[in-house]
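Undergrad: There's a structure below that I have some questions on.
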Amino acid sequence: MANKYVHSFTKGLLIENPVLRLVLGTCPTLAVTTAAMNGLGMGAAATFVLVCSNVVISLLRKVIPGKVRLPAFIVVIAGFTTIVQMLVKAYLPDIDKALGIYLPLIVVNCIILGRAEAYASKNSVGLSALDGLGMGAGFTAALVIMGGIREFLGNGTIFGWPEGGLIPPITIFVLPAGGFFVFGMLIWLTNKLSVRLERGETRRETAGTVCAACPNAAACGHAGKEDGVSE
């Protein structure tokens with residue numbers, strides 16, 4: 001049971017990262033990641049909407065009629081997006097100005113609607129909350145990393161602070177072409193890491209199955225070594 005909850009949270013961080021593996025939410029990803037702080041603000045706002053909408057939709061999953069589920073999901077998501085927009089306007093005007101139209105457009109972000117349809121409408125409140133939190137954390141991490149790279153290389157700053165003149169600013173990285181280049185490289189790196197993790201997990205599962213069926217497993221100690229346990 002614990003593994004089920006852990007998997008619900010961790011899958012969105014890398015193996016099913018919504019931006020770098022599923023390639024969802026590409027428009028705001030490329031638009032707002034000219035600075036790391038913009039990515040953090042967008043990611044935090046989307047995570048709030050993801051978690052809250054997942055929880056509410058999971059609570060109402062047996063009440064909402066199937067024929068109107070998508071309009072109902074959008075109404076719930078729009079409600080939380082409005083709350084986020086009002087809070088950001090009131091307390092973080094600089095972030096609101098930087099994010100512009102992409103903040104209210106969270107309501108049609110395919111990551112949020114996709115998790116509502118694919119997961120929250122079919123699972124318990126706890127699992128849905130963890131799924132939203134994990135997907136939001138993965139989305140935020142992707143935006144912050146991408147924004148940090150583009151800001152560092154393009155402006156010579158990181159979170160607005162000068163990096164000390166290590167390299168001269170390369171303006172193309174804060175332009176659309178630089179955004180696509182960094183985005184493509186991060187997708188390539190994430191795919192490489194994900195494939196390695198999946199292969200390692202498959203090997204461990206295969207070894208565990210073979211050892212469990214072996215009558216001499218306890219004597220040879222091979223199972224312990226496969227799981228990284230030293231004698």
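Ordered as shown in the structure tokens, chains take letters A, B, and onward, while each chain numbers its residues from 1 and ligands are numbered from 1 in the order shown.
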Find the residues near segment 133-146 of chain A: any atom within 7 Å, counting only C-alpha atoms, skip ones fewer than 5 places away on the same chain, and give them as a PDB file with N, CA and C atoms, in the first residue's frame.
TA:
```pdb
ATOM      1  N   PHE A   9       3.187   9.688  -6.140  1.00  0.00           N
ATOM      2  CA  PHE A   9       3.881  10.967  -6.030  1.00  0.00           C
ATOM      3  C   PHE A   9       5.109  11.037  -6.929  1.00  0.00           C
ATOM      4  N   THR A  10       5.945   9.998  -6.907  1.00  0.00           N
ATOM      5  CA  THR A  10       7.252  10.069  -7.567  1.00  0.00           C
ATOM      6  C   THR A  10       7.198   9.935  -9.091  1.00  0.00           C
ATOM      7  N   LYS A  11       6.155   9.345  -9.636  1.00  0.00           N
ATOM      8  CA  LYS A  11       6.134   9.119 -11.087  1.00  0.00           C
ATOM      9  C   LYS A  11       6.176  10.421 -11.872  1.00  0.00           C
ATOM     10  N   GLY A  12       5.606  11.492 -11.316  1.00  0.00           N
ATOM     11  CA  GLY A  12       5.583  12.769 -12.024  1.00  0.00           C
ATOM     12  C   GLY A  12       6.900  13.518 -11.991  1.00  0.00           C
ATOM     13  N   LEU A  13       7.821  13.092 -11.121  1.00  0.00           N
ATOM     14  CA  LEU A  13       9.078  13.804 -10.993  1.00  0.00           C
ATOM     15  C   LEU A  13      10.001  13.564 -12.178  1.00  0.00           C
ATOM     16  N   LEU A  14      10.054  12.314 -12.672  1.00  0.00           N
ATOM     17  CA  LEU A  14      10.969  12.020 -13.768  1.00  0.00           C
ATOM     18  C   LEU A  14      10.340  11.112 -14.822  1.00  0.00           C
ATOM     19  N   ASN A  17       7.285  12.696 -16.109  1.00  0.00           N
ATOM     20  CA  ASN A  17       7.302  14.159 -15.994  1.00  0.00           C
ATOM     21  C   ASN A  17       6.393  14.768 -17.064  1.00  0.00           C
ATOM     22  N   PRO A  18       5.442  15.606 -16.659  1.00  0.00           N
ATOM     23  CA  PRO A  18       4.446  16.084 -17.633  1.00  0.00           C
ATOM     24  C   PRO A  18       5.028  16.924 -18.759  1.00  0.00           C
ATOM     25  N   VAL A  19       6.139  17.608 -18.505  1.00  0.00           N
ATOM     26  CA  VAL A  19       6.738  18.471 -19.528  1.00  0.00           C
ATOM     27  C   VAL A  19       7.789  17.730 -20.340  1.00  0.00           C
ATOM     28  N   THR A  29       5.477  26.524 -20.925  1.00  0.00           N
ATOM     29  CA  THR A  29       6.858  26.147 -20.621  1.00  0.00           C
ATOM     30  C   THR A  29       7.841  26.993 -21.409  1.00  0.00           C
ATOM     31  N   THR A  33       9.729  30.681 -19.336  1.00  0.00           N
ATOM     32  CA  THR A  33      11.002  30.233 -18.765  1.00  0.00           C
ATOM     33  C   THR A  33      12.194  31.071 -19.208  1.00  0.00           C
ATOM     34  N   ALA A  36      14.336  31.995 -14.109  1.00  0.00           N
ATOM     35  CA  ALA A  36      14.032  30.918 -13.162  1.00  0.00           C
ATOM     36  C   ALA A  36      12.869  31.278 -12.250  1.00  0.00           C
ATOM     37  N   GLY A  39       9.545  30.641 -13.869  1.00  0.00           N
ATOM     38  CA  GLY A  39       9.226  29.214 -13.860  1.00  0.00           C
ATOM     39  C   GLY A  39       8.732  28.756 -12.508  1.00  0.00           C
ATOM     40  N   LEU A  40       9.363  29.259 -11.442  1.00  0.00           N
ATOM     41  CA  LEU A  40       8.932  28.889 -10.088  1.00  0.00           C
ATOM     42  C   LEU A  40       7.514  29.384  -9.812  1.00  0.00           C
ATOM     43  N   GLY A  43       5.043  27.339 -11.924  1.00  0.00           N
ATOM     44  CA  GLY A  43       4.955  25.978 -11.406  1.00  0.00           C
ATOM     45  C   GLY A  43       4.178  25.908 -10.101  1.00  0.00           C
ATOM     46  N   ALA A  44       4.425  26.855  -9.201  1.00  0.00           N
ATOM     47  CA  ALA A  44       3.717  26.866  -7.914  1.00  0.00           C
ATOM     48  C   ALA A  44       2.223  27.090  -8.112  1.00  0.00           C
ATOM     49  N   ALA A  46       0.431  26.410 -10.843  1.00  0.00           N
ATOM     50  CA  ALA A  46      -0.154  25.220 -11.464  1.00  0.00           C
ATOM     51  C   ALA A  46      -0.252  24.057 -10.479  1.00  0.00           C
ATOM     52  N   THR A  47       0.726  23.934  -9.582  1.00  0.00           N
ATOM     53  CA  THR A  47       0.691  22.861  -8.584  1.00  0.00           C
ATOM     54  C   THR A  47      -0.494  23.039  -7.630  1.00  0.00           C
ATOM     55  N   LEU A  50      -3.545  22.045  -9.512  1.00  0.00           N
ATOM     56  CA  LEU A  50      -3.533  20.595  -9.722  1.00  0.00           C
ATOM     57  C   LEU A  50      -3.992  19.844  -8.481  1.00  0.00           C
ATOM     58  N   VAL A  51      -3.383  20.153  -7.351  1.00  0.00           N
ATOM     59  CA  VAL A  51      -3.705  19.427  -6.113  1.00  0.00           C
ATOM     60  C   VAL A  51      -5.155  19.672  -5.713  1.00  0.00           C
ATOM     61  N   VAL A 182      17.083  24.493 -25.485  1.00  0.00           N
ATOM     62  CA  VAL A 182      17.191  24.007 -24.103  1.00  0.00           C
ATOM     63  C   VAL A 182      16.111  22.968 -23.813  1.00  0.00           C
ATOM     64  N   PHE A 183      14.901  23.210 -24.304  1.00  0.00           N
ATOM     65  CA  PHE A 183      13.798  22.279 -24.109  1.00  0.00           C
ATOM     66  C   PHE A 183      14.128  20.916 -24.721  1.00  0.00           C
TER      67      PHE A 183
END
```
Undergrad: Give me, as number ranges by chain, all polymer residues having an atom no more than 9 Å from segment 52-62 of chain A, counting only C-alpha atoms and skipping those fewer than 3 positions away in the same chain.
TA: A: 47-49, 65, 69, 72-73, 76-77, 79-80, 112, 115-116, 119-129, 131-132
Undergrad: Suppose we keep N, CA and C atoms; can you now write the selection as a PDB file, in the first residue's frame?
TA:
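Below is the file that was written, again-v3.pdb:
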```pdb
ATOM      1  N   THR A  47       0.726  23.934  -9.582  1.00  0.00           N
ATOM      2  CA  THR A  47       0.691  22.861  -8.584  1.00  0.00           C
ATOM      3  C   THR A  47      -0.494  23.039  -7.630  1.00  0.00           C
ATOM      4  N   PHE A  48      -0.726  24.277  -7.200  1.00  0.00           N
ATOM      5  CA  PHE A  48      -1.876  24.558  -6.329  1.00  0.00           C
ATOM      6  C   PHE A  48      -3.182  24.148  -7.005  1.00  0.00           C
ATOM      7  N   VAL A  49      -3.336  24.544  -8.260  1.00  0.00           N
ATOM      8  CA  VAL A  49      -4.559  24.208  -8.997  1.00  0.00           C
ATOM      9  C   VAL A  49      -4.663  22.697  -9.198  1.00  0.00           C
ATOM     10  N   PRO A  65     -22.118  13.327 -13.357  1.00  0.00           N
ATOM     11  CA  PRO A  65     -22.549  12.428 -14.451  1.00  0.00           C
ATOM     12  C   PRO A  65     -21.472  12.312 -15.523  1.00  0.00           C
ATOM     13  N   ARG A  69     -18.870  15.293 -17.514  1.00  0.00           N
ATOM     14  CA  ARG A  69     -17.704  15.297 -16.629  1.00  0.00           C
ATOM     15  C   ARG A  69     -16.663  16.344 -17.041  1.00  0.00           C
ATOM     16  N   ALA A  72     -17.721  19.824 -16.111  1.00  0.00           N
ATOM     17  CA  ALA A  72     -17.652  19.922 -14.655  1.00  0.00           C
ATOM     18  C   ALA A  72     -16.208  20.067 -14.182  1.00  0.00           C
ATOM     19  N   PHE A  73     -15.297  19.294 -14.790  1.00  0.00           N
ATOM     20  CA  PHE A  73     -13.883  19.391 -14.421  1.00  0.00           C
ATOM     21  C   PHE A  73     -13.353  20.793 -14.692  1.00  0.00           C
ATOM     22  N   VAL A  76     -14.448  23.307 -12.053  1.00  0.00           N
ATOM     23  CA  VAL A  76     -13.660  23.164 -10.825  1.00  0.00           C
ATOM     24  C   VAL A  76     -12.277  23.782 -11.006  1.00  0.00           C
ATOM     25  N   ILE A  77     -11.616  23.450 -12.117  1.00  0.00           N
ATOM     26  CA  ILE A  77     -10.268  23.972 -12.390  1.00  0.00           C
ATOM     27  C   ILE A  77     -10.303  25.495 -12.526  1.00  0.00           C
ATOM     28  N   GLY A  79     -12.329  27.563 -11.117  1.00  0.00           N
ATOM     29  CA  GLY A  79     -12.511  28.157  -9.791  1.00  0.00           C
ATOM     30  C   GLY A  79     -11.188  28.329  -9.062  1.00  0.00           C
ATOM     31  N   PHE A  80     -10.372  27.278  -9.051  1.00  0.00           N
ATOM     32  CA  PHE A  80      -9.079  27.361  -8.365  1.00  0.00           C
ATOM     33  C   PHE A  80      -8.100  28.251  -9.121  1.00  0.00           C
ATOM     34  N   ILE A 112      -3.411  19.684 -16.261  1.00  0.00           N
ATOM     35  CA  ILE A 112      -4.400  19.669 -15.183  1.00  0.00           C
ATOM     36  C   ILE A 112      -5.662  18.930 -15.605  1.00  0.00           C
ATOM     37  N   ARG A 115      -4.885  15.124 -15.879  1.00  0.00           N
ATOM     38  CA  ARG A 115      -4.826  14.381 -14.606  1.00  0.00           C
ATOM     39  C   ARG A 115      -6.222  14.230 -14.006  1.00  0.00           C
ATOM     40  N   ALA A 116      -7.071  15.228 -14.195  1.00  0.00           N
ATOM     41  CA  ALA A 116      -8.443  15.121 -13.694  1.00  0.00           C
ATOM     42  C   ALA A 116      -9.181  13.975 -14.378  1.00  0.00           C
ATOM     43  N   TYR A 119      -6.847  10.388 -13.892  1.00  0.00           N
ATOM     44  CA  TYR A 119      -6.484   9.870 -12.567  1.00  0.00           C
ATOM     45  C   TYR A 119      -7.483  10.239 -11.471  1.00  0.00           C
ATOM     46  N   ALA A 120      -7.712  11.539 -11.266  1.00  0.00           N
ATOM     47  CA  ALA A 120      -8.537  11.962 -10.133  1.00  0.00           C
ATOM     48  C   ALA A 120      -9.957  11.421 -10.193  1.00  0.00           C
ATOM     49  N   SER A 121     -10.499  11.299 -11.408  1.00  0.00           N
ATOM     50  CA  SER A 121     -11.882  10.823 -11.553  1.00  0.00           C
ATOM     51  C   SER A 121     -12.004   9.316 -11.338  1.00  0.00           C
ATOM     52  N   LYS A 122     -10.868   8.632 -11.113  1.00  0.00           N
ATOM     53  CA  LYS A 122     -10.895   7.175 -10.968  1.00  0.00           C
ATOM     54  C   LYS A 122     -10.251   6.678  -9.681  1.00  0.00           C
ATOM     55  N   ASN A 123      -9.685   7.578  -8.873  1.00  0.00           N
ATOM     56  CA  ASN A 123      -8.933   7.157  -7.704  1.00  0.00           C
ATOM     57  C   ASN A 123      -9.359   7.912  -6.450  1.00  0.00           C
ATOM     58  N   SER A 124      -8.854   7.429  -5.314  1.00  0.00           N
ATOM     59  CA  SER A 124      -9.223   8.010  -4.013  1.00  0.00           C
ATOM     60  C   SER A 124      -8.640   9.410  -3.852  1.00  0.00           C
ATOM     61  N   VAL A 125      -9.108  10.106  -2.817  1.00  0.00           N
ATOM     62  CA  VAL A 125      -8.668  11.481  -2.573  1.00  0.00           C
ATOM     63  C   VAL A 125      -7.169  11.531  -2.266  1.00  0.00           C
ATOM     64  N   GLY A 126      -6.705  10.611  -1.421  1.00  0.00           N
ATOM     65  CA  GLY A 126      -5.290  10.609  -1.047  1.00  0.00           C
ATOM     66  C   GLY A 126      -4.381  10.395  -2.239  1.00  0.00           C
ATOM     67  N   LEU A 127      -4.690   9.396  -3.048  1.00  0.00           N
ATOM     68  CA  LEU A 127      -3.880   9.122  -4.236  1.00  0.00           C
ATOM     69  C   LEU A 127      -3.946  10.271  -5.238  1.00  0.00           C
ATOM     70  N   SER A 128      -5.131  10.863  -5.375  1.00  0.00           N
ATOM     71  CA  SER A 128      -5.291  11.974  -6.322  1.00  0.00           C
ATOM     72  C   SER A 128      -4.498  13.195  -5.875  1.00  0.00           C
ATOM     73  N   ALA A 129      -4.493  13.458  -4.558  1.00  0.00           N
ATOM     74  CA  ALA A 129      -3.717  14.589  -4.038  1.00  0.00           C
ATOM     75  C   ALA A 129      -2.224  14.377  -4.269  1.00  0.00           C
ATOM     76  N   ASP A 131      -0.883  12.453  -6.561  1.00  0.00           N
ATOM     77  CA  ASP A 131      -0.650  12.526  -7.997  1.00  0.00           C
ATOM     78  C   ASP A 131      -0.520  13.982  -8.448  1.00  0.00           C
ATOM     79  N   GLY A 132      -1.423  14.828  -7.977  1.00  0.00           N
ATOM     80  CA  GLY A 132      -1.353  16.246  -8.327  1.00  0.00           C
ATOM     81  C   GLY A 132      -0.092  16.903  -7.803  1.00  0.00           C
TER      82      GLY A 132
END
```
Undergrad: Would you please give, as an MDAnalysis selection string, all residues of segment 68-224 of chain A that DSSP assigns to alpha helix (DSSP H) based on the backbone?
TA: chainID A and resid 69:91 93:99 110:115 125:155 176:213 217:220 222:224
Undergrad: Expressed in Å to a single decimal, how great is the separation between atom CA of Gly179 of chain A and atom CA of Pro162 of chain A?
TA: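 If I compute the distance from atom CA of Gly179 of chain A to atom CA of Pro162 of chain A, I get 20.5 Å.
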Undergrad: So, counting only C-alpha atoms, which residue among A:Gln85, A:Ser194, A:Asn3, A:Asn38 is closest to Val107 of chain A?
TA: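 Looking at the shortest contact to Val107 of chain A, the residue is A:Gln85.
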Undergrad: When you count only C-alpha atoms, which of these residues is closest to Gly178 of chain A: A:Pro104, A:Gly147, A:Gly165, A:Gly200?
TA: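 The answer is A:Gly147, which sits nearest to Gly178 of chain A.
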Undergrad: Going by DSSP on the backbone, which bits of segment 87-227 of chain A are strand (DSSP E or B)? Write them as a list in words, please.
TA: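 Output for segment 87-227 of chain A, strand (DSSP E or B) only: Thr157, Ile158, Trp161 and Pro162 of chain A.
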Undergrad: Taking into account only C-alpha atoms, which residue in the set A:Thr34, A:Glu201, A:Phe180, A:Val195 is nearest to Ile15 of chain A?
TA: A:Val195
Undergrad: Could you tell me how far atom CA of Gly66 of chain A lies from atom CA of Glu117 of chain A, in Å and to one decimal?
TA: 10.8 Å
Undergrad: Between A:Gly148, A:Asn155, A:Ile172, A:Leu105, single out the one closest to Thr82 of chain A, counting only C-alpha atoms.
TA: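 The answer is A:Leu105, which sits nearest to Thr82 of chain A.
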Undergrad: I'd like the neighbourhood of Ile111 of chain A as number ranges by chain, where a residue qualifies if any of its atoms comes within 8 Å (using only C-alpha atoms), though same-chain residues fewer than 2 positions away should be ignored.
TA: A: 18, 24-25, 109, 113-115
Undergrad: Would you mind exporting C-alpha atoms of the selected residues as a PDB file, in the first residue's frame?
TA:
```pdb
ATOM      1  CA  PRO A  18       4.446  16.084 -17.633  1.00  0.00           C
ATOM      2  CA  LEU A  24       2.345  18.547 -22.102  1.00  0.00           C
ATOM      3  CA  GLY A  25       2.015  22.239 -21.246  1.00  0.00           C
ATOM      4  CA  ASN A 109      -3.603  23.607 -19.230  1.00  0.00           C
ATOM      5  CA  LEU A 113      -7.370  18.551 -17.264  1.00  0.00           C
ATOM      6  CA  GLY A 114      -5.506  15.377 -18.229  1.00  0.00           C
ATOM      7  CA  ARG A 115      -4.826  14.381 -14.606  1.00  0.00           C
TER       8      ARG A 115
END
```
Undergrad: Could you state the separation of atom CA of Met42 of chain A and atom CA of Glu151 of chain A in Å, given to one decimal place?
TA: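 A separation of 15.6 Å between them.
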Undergrad: Can you pull out the residues contacting Tyr102 of chain A? Cut-off 9 Å, using only C-alpha atoms, and skip same-chain residues under 6 positions away; I want them as a PyMOL selection string.
TA: chain A and resi 27-28+31-32+42
Undergrad: Convert the current residue selection to file output with N, CA and C atoms, as a PDB file, in the first residue's frame.
TA:
```pdb
ATOM      1  N   CYS A  27       3.359  25.200 -24.298  1.00  0.00           N
ATOM      2  CA  CYS A  27       3.210  26.630 -24.572  1.00  0.00           C
ATOM      3  C   CYS A  27       3.664  27.487 -23.383  1.00  0.00           C
ATOM      4  N   PRO A  28       3.117  27.298 -22.171  1.00  0.00           N
ATOM      5  CA  PRO A  28       3.618  28.092 -21.045  1.00  0.00           C
ATOM      6  C   PRO A  28       5.062  27.769 -20.695  1.00  0.00           C
ATOM      7  N   ALA A  31       7.139  29.835 -22.980  1.00  0.00           N
ATOM      8  CA  ALA A  31       6.857  31.273 -22.896  1.00  0.00           C
ATOM      9  C   ALA A  31       7.385  31.914 -21.618  1.00  0.00           C
ATOM     10  N   VAL A  32       7.302  31.232 -20.486  1.00  0.00           N
ATOM     11  CA  VAL A  32       7.603  31.887 -19.209  1.00  0.00           C
ATOM     12  C   VAL A  32       8.991  31.557 -18.669  1.00  0.00           C
ATOM     13  N   MET A  42       5.097  30.128 -12.018  1.00  0.00           N
ATOM     14  CA  MET A  42       4.138  29.393 -12.839  1.00  0.00           C
ATOM     15  C   MET A  42       3.948  27.985 -12.301  1.00  0.00           C
TER      16      MET A  42
END
```
Undergrad: Looking at A:Val23, A:Leu87, A:Leu130, A:Pro93, which one is nearest to Lys4 of chain A, with distances taken over only C-alpha atoms?
TA: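 Counting only C-alpha atoms, the residue closest to Lys4 of chain A is A:Leu130.
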Undergrad: Rank A:Ala35, A:Val108, A:Leu22, A:Ile187 by their smallest atom-to-atom distance to Val174 of chain A, using only C-alpha atoms, and report the top residue only.
TA: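 Of A:Ala35, A:Val108, A:Leu22, A:Ile187, the one nearest Val174 of chain A, counting only C-alpha atoms, is A:Ala35.
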